[in-house]
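A.B. asks: Structure below; questions to follow.
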Amino acid sequence: MNRFLDQVAVITGAGRGIGKAIALRLASEGARVAVVSRTEANAQSTASEVNALRPESARAYAVDVADSEAVADLCSRIIKDFGKIHVLVNNAGITRDRLSMRMSEEDWNSVLDTNLKGAFHFIQGLERPMMKQSYGRIVNISSVSGLIGQAGQVNYSASKAGLIGLTKALARELAGRNVTVNAVAPGFITTDMTDHLPDAMKTHVLSLIPLAKFGECEDIAGAVAFIASPESKYITGQVLTVDGGMAM
């Protein structure tokens, strides 16, 4: 399939894990990809893999998504480099897990600034070109934590729940310009971020999943590929939960 032929996708947090899988999946279906990561090394690594799959289809960009001015400058640069933007996937995210009574203001702010405000920065930087061309797909990567909450993750859960509210409000704002806005909410996905969790916690989480297995990054990439494709033209303001049944 070439559902994204002649389209340009911007993917944040694409240096590894879920974001990297999304970049590779969209490129495999024809997209040119702006690979955005906090570090130049990670961005270049993913871009190299994408270009190996589809030559000269990816460019690497490094930015702190929480820095509004840096993101605005980067968005202008991406638009100049690619000409048009068809898909934006807001995947950049961090965790600073701790019980609420022990959580510092810095831990709270850093997670909200990256996970929620970072998505807003890229939306502001790229929504106008989508509106002008009367076509666009914005996909915000939320989490099952934003749907049901997780103890020890009040900051992360709040940021991911905030993305759902942002998704629904923005979907109403942009619907008249043929720009859809949806969220994908992963469950427990095997990534570098989850590998460090204690075995006891992994066992507990596994017991909560009806399918009795953890998801893979490619499971999320497949969901994003659908919701970001022309096939999803009549879907907006929705949350596609990919969690093995954990939150049902």
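Ordering of the structure tokens sets the chain letters (A, B, ...), residue numbers begin anew at 1 in every chain, and ligands are numbered from 1 in the order given.
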Name the residues of range 152-181 of chain A that come out as strand (DSSP E or B) in a backbone DSSP run; write them as a ChimeraX atom specification.
C.D. replies: /A:153,179-181
A.B. asks: Identify, on the basis of only C-alpha atoms, every residue whose closest approach to Ile235 in chain A does not exceed 9 Å; exclude the query and any residue fewer than 4 positions from it along the same chain; express the result as an MDAnalysis selection string.
C.D. replies: chainID A and resid 180:182 227
A.B. asks: Write out as a short mmCIF file (atom, residue, chain, number, x, y, z; two decimals) with C-alpha atoms, in the first residue's frame the residues lying within 12 Å of range 83-85 of chain A, counting only C-alpha atoms and excluding same-chain residues fewer than 3 positions away.
C.D. replies:
```
data_model
loop_
_atom_site.label_atom_id
_atom_site.label_comp_id
_atom_site.auth_asym_id
_atom_site.auth_seq_id
_atom_site.Cartn_x
_atom_site.Cartn_y
_atom_site.Cartn_z
CA PHE A 4 0.88 8.25 2.08
CA ASP A 6 3.37 12.30 -1.97
CA GLN A 7 2.52 13.16 1.63
CA VAL A 8 4.78 14.62 4.32
CA ALA A 9 4.57 13.45 7.93
CA VAL A 10 6.11 15.18 10.94
CA ILE A 11 6.68 12.82 13.86
CA ALA A 31 5.46 9.22 3.13
CA ARG A 32 8.36 11.59 3.33
CA VAL A 33 9.17 12.04 7.00
CA ALA A 34 10.45 14.81 9.22
CA CYS A 75 8.26 24.22 12.11
CA SER A 76 9.13 27.06 9.73
CA ARG A 77 12.25 25.17 8.71
CA ILE A 78 10.34 21.92 8.11
CA ILE A 79 7.74 23.73 5.99
CA LYS A 80 10.56 25.31 3.97
CA LEU A 88 1.50 15.55 12.36
CA VAL A 89 2.05 12.87 14.99
CA PHE A 122 3.74 21.72 17.14
CA ILE A 123 0.02 22.11 16.48
CA GLY A 125 3.39 25.64 14.22
CA LEU A 126 1.82 23.37 11.61
CA GLU A 127 -1.97 23.73 11.66
CA ARG A 128 -2.08 26.77 9.37
CA PRO A 129 -0.50 25.02 6.35
CA MET A 130 -2.96 22.16 6.81
CA MET A 131 -5.90 24.55 6.99
CA LYS A 132 -4.68 26.46 3.93
CA GLN A 133 -4.50 23.29 1.82
CA SER A 134 -7.82 21.99 3.27
CA TYR A 135 -6.28 18.69 4.29
CA GLY A 136 -4.50 17.36 7.34
CA ARG A 137 -4.25 14.63 9.91
CA ILE A 138 -3.17 15.35 13.47
CA VAL A 179 -8.30 18.56 9.10
#
```
A.B. asks: For a quick check of understanding, using only C-alpha atoms, which of A:Leu26, A:Ile148, A:Ala175, A:Ala119 has the smallest distance to Thr12 in chain A?
C.D. replies: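 Closest residue, counting only C-alpha atoms: A:Ala119.
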A.B. asks: From range 60-217 of chain A, collect each residue whose DSSP state is helix (DSSP H, G or I) and return the set as a PyMOL selection string.
C.D. replies: chain A and resi 68-82+100-102+105-133+145-148+154-177+192-195+199-207+217
A.B. asks: Using only C-alpha atoms, determine which residues lie at most 7 Å from Ala185 in chain A, disregarding the query and same-chain residues fewer than 5 positions distant; provide the list as a list in words.
C.D. replies: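 The neighbour list is Ile141, Ser142, Ser143, Val144, Val239, Leu240, Thr241 and Val242 of chain A.
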A.B. asks: Write out, as a PDB file, in the first residue's frame, the residues just selected, with N, CA and C atoms.
C.D. replies:
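Written output follows (again.pdb):
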```
ATOM      1  N   ILE A 141      -0.481  11.139  20.538  1.00  0.00           N
ATOM      2  CA  ILE A 141      -0.278   9.873  21.231  1.00  0.00           C
ATOM      3  C   ILE A 141      -0.528  10.079  22.713  1.00  0.00           C
ATOM      4  N   SER A 142      -1.678   9.614  23.166  1.00  0.00           N
ATOM      5  CA  SER A 142      -2.064   9.689  24.572  1.00  0.00           C
ATOM      6  C   SER A 142      -1.575   8.418  25.266  1.00  0.00           C
ATOM      7  N   SER A 143      -2.367   7.852  26.156  1.00  0.00           N
ATOM      8  CA  SER A 143      -1.979   6.639  26.889  1.00  0.00           C
ATOM      9  C   SER A 143      -3.178   6.102  27.647  1.00  0.00           C
ATOM     10  N   VAL A 144      -3.137   4.814  27.928  1.00  0.00           N
ATOM     11  CA  VAL A 144      -4.149   4.241  28.805  1.00  0.00           C
ATOM     12  C   VAL A 144      -4.118   4.927  30.161  1.00  0.00           C
ATOM     13  N   VAL A 239     -10.650   8.670  20.260  1.00  0.00           N
ATOM     14  CA  VAL A 239      -9.503   8.060  20.918  1.00  0.00           C
ATOM     15  C   VAL A 239      -9.475   6.586  20.559  1.00  0.00           C
ATOM     16  N   LEU A 240      -8.461   6.165  19.841  1.00  0.00           N
ATOM     17  CA  LEU A 240      -8.296   4.766  19.461  1.00  0.00           C
ATOM     18  C   LEU A 240      -7.386   4.120  20.497  1.00  0.00           C
ATOM     19  N   THR A 241      -7.947   3.247  21.312  1.00  0.00           N
ATOM     20  CA  THR A 241      -7.207   2.619  22.396  1.00  0.00           C
ATOM     21  C   THR A 241      -6.594   1.311  21.928  1.00  0.00           C
ATOM     22  N   VAL A 242      -5.293   1.192  22.073  1.00  0.00           N
ATOM     23  CA  VAL A 242      -4.553  -0.003  21.633  1.00  0.00           C
ATOM     24  C   VAL A 242      -3.840  -0.567  22.858  1.00  0.00           C
TER      25      VAL A 242
END
```
A.B. asks: Quick one: everything within 12 Å of Leu147 in chain A, counting only C-alpha atoms, minus sequence neighbours fewer than 3 positions away in the same chain. Send it as a ChimeraX atom specification.
C.D. replies: /A:142-144,150,156-165,183-187,239-243,246-248
A.B. asks: With C-alpha atoms retained, write the just-selected residues as a short mmCIF file (atom, residue, chain, number, x, y, z; two decimals), in the first residue's frame.
C.D. replies:
```cif
data_model
loop_
_atom_site.label_atom_id
_atom_site.label_comp_id
_atom_site.auth_asym_id
_atom_site.auth_seq_id
_atom_site.Cartn_x
_atom_site.Cartn_y
_atom_site.Cartn_z
CA SER A 142 -2.06 9.69 24.57
CA SER A 143 -1.98 6.64 26.89
CA VAL A 144 -4.15 4.24 28.80
CA GLN A 150 -1.93 5.11 37.18
CA TYR A 156 2.00 11.60 33.28
CA SER A 157 -1.68 10.65 33.59
CA ALA A 158 -2.68 14.31 33.72
CA SER A 159 -0.61 15.13 30.64
CA LYS A 160 -2.07 12.23 28.65
CA ALA A 161 -5.63 13.00 29.75
CA GLY A 162 -4.97 16.60 28.72
CA LEU A 163 -4.02 15.41 25.24
CA ILE A 164 -7.43 13.79 24.92
CA GLY A 165 -9.17 17.06 25.81
CA ALA A 183 -5.68 10.37 19.59
CA VAL A 184 -4.16 6.93 19.92
CA ALA A 185 -3.91 5.62 23.48
CA PRO A 186 -1.33 2.84 23.85
CA GLY A 187 -1.45 0.41 26.72
CA VAL A 239 -9.50 8.06 20.92
CA LEU A 240 -8.30 4.77 19.46
CA THR A 241 -7.21 2.62 22.40
CA VAL A 242 -4.55 0.00 21.63
CA ASP A 243 -4.08 -1.75 24.95
CA MET A 246 -6.75 -3.16 29.58
CA ALA A 247 -9.01 -0.11 29.80
CA MET A 248 -12.30 -1.55 28.57
#
```
A.B. asks: So which residues touch Glu40 in chain A within 10 Å, counting only C-alpha atoms, skipping near sequence neighbours fewer than 4 positions away, as an MDAnalysis selection string?
C.D. replies: chainID A and resid 15 35:36 44:45 60:63
A.B. asks: Taking N, CA and C atoms for each residue, export the selection above as a PDB file, in the first residue's frame.
C.D. replies:
```pdb
ATOM      1  N   GLY A  15      12.928   9.409  17.672  1.00  0.00           N
ATOM      2  CA  GLY A  15      14.282   8.884  17.755  1.00  0.00           C
ATOM      3  C   GLY A  15      14.369   7.434  18.179  1.00  0.00           C
ATOM      4  N   VAL A  35      11.776  13.627  10.847  1.00  0.00           N
ATOM      5  CA  VAL A  35      12.046  12.880  12.076  1.00  0.00           C
ATOM      6  C   VAL A  35      12.502  13.857  13.150  1.00  0.00           C
ATOM      7  N   VAL A  36      11.691  14.025  14.179  1.00  0.00           N
ATOM      8  CA  VAL A  36      11.996  14.987  15.237  1.00  0.00           C
ATOM      9  C   VAL A  36      12.301  14.247  16.534  1.00  0.00           C
ATOM     10  N   GLN A  44      18.999  11.405  13.735  1.00  0.00           N
ATOM     11  CA  GLN A  44      19.765  10.942  12.588  1.00  0.00           C
ATOM     12  C   GLN A  44      19.699   9.429  12.439  1.00  0.00           C
ATOM     13  N   SER A  45      19.694   8.723  13.564  1.00  0.00           N
ATOM     14  CA  SER A  45      19.632   7.265  13.524  1.00  0.00           C
ATOM     15  C   SER A  45      18.343   6.783  12.868  1.00  0.00           C
ATOM     16  N   ALA A  60      16.326  14.700   9.456  1.00  0.00           N
ATOM     17  CA  ALA A  60      16.397  14.652  10.919  1.00  0.00           C
ATOM     18  C   ALA A  60      16.424  16.065  11.504  1.00  0.00           C
ATOM     19  N   TYR A  61      15.693  16.232  12.618  1.00  0.00           N
ATOM     20  CA  TYR A  61      15.637  17.524  13.306  1.00  0.00           C
ATOM     21  C   TYR A  61      15.688  17.279  14.811  1.00  0.00           C
ATOM     22  N   ALA A  62      16.439  18.112  15.514  1.00  0.00           N
ATOM     23  CA  ALA A  62      16.538  17.997  16.963  1.00  0.00           C
ATOM     24  C   ALA A  62      15.947  19.242  17.626  1.00  0.00           C
ATOM     25  N   VAL A  63      15.103  19.030  18.624  1.00  0.00           N
ATOM     26  CA  VAL A  63      14.503  20.157  19.333  1.00  0.00           C
ATOM     27  C   VAL A  63      13.949  19.683  20.665  1.00  0.00           C
TER      28      VAL A  63
END
```
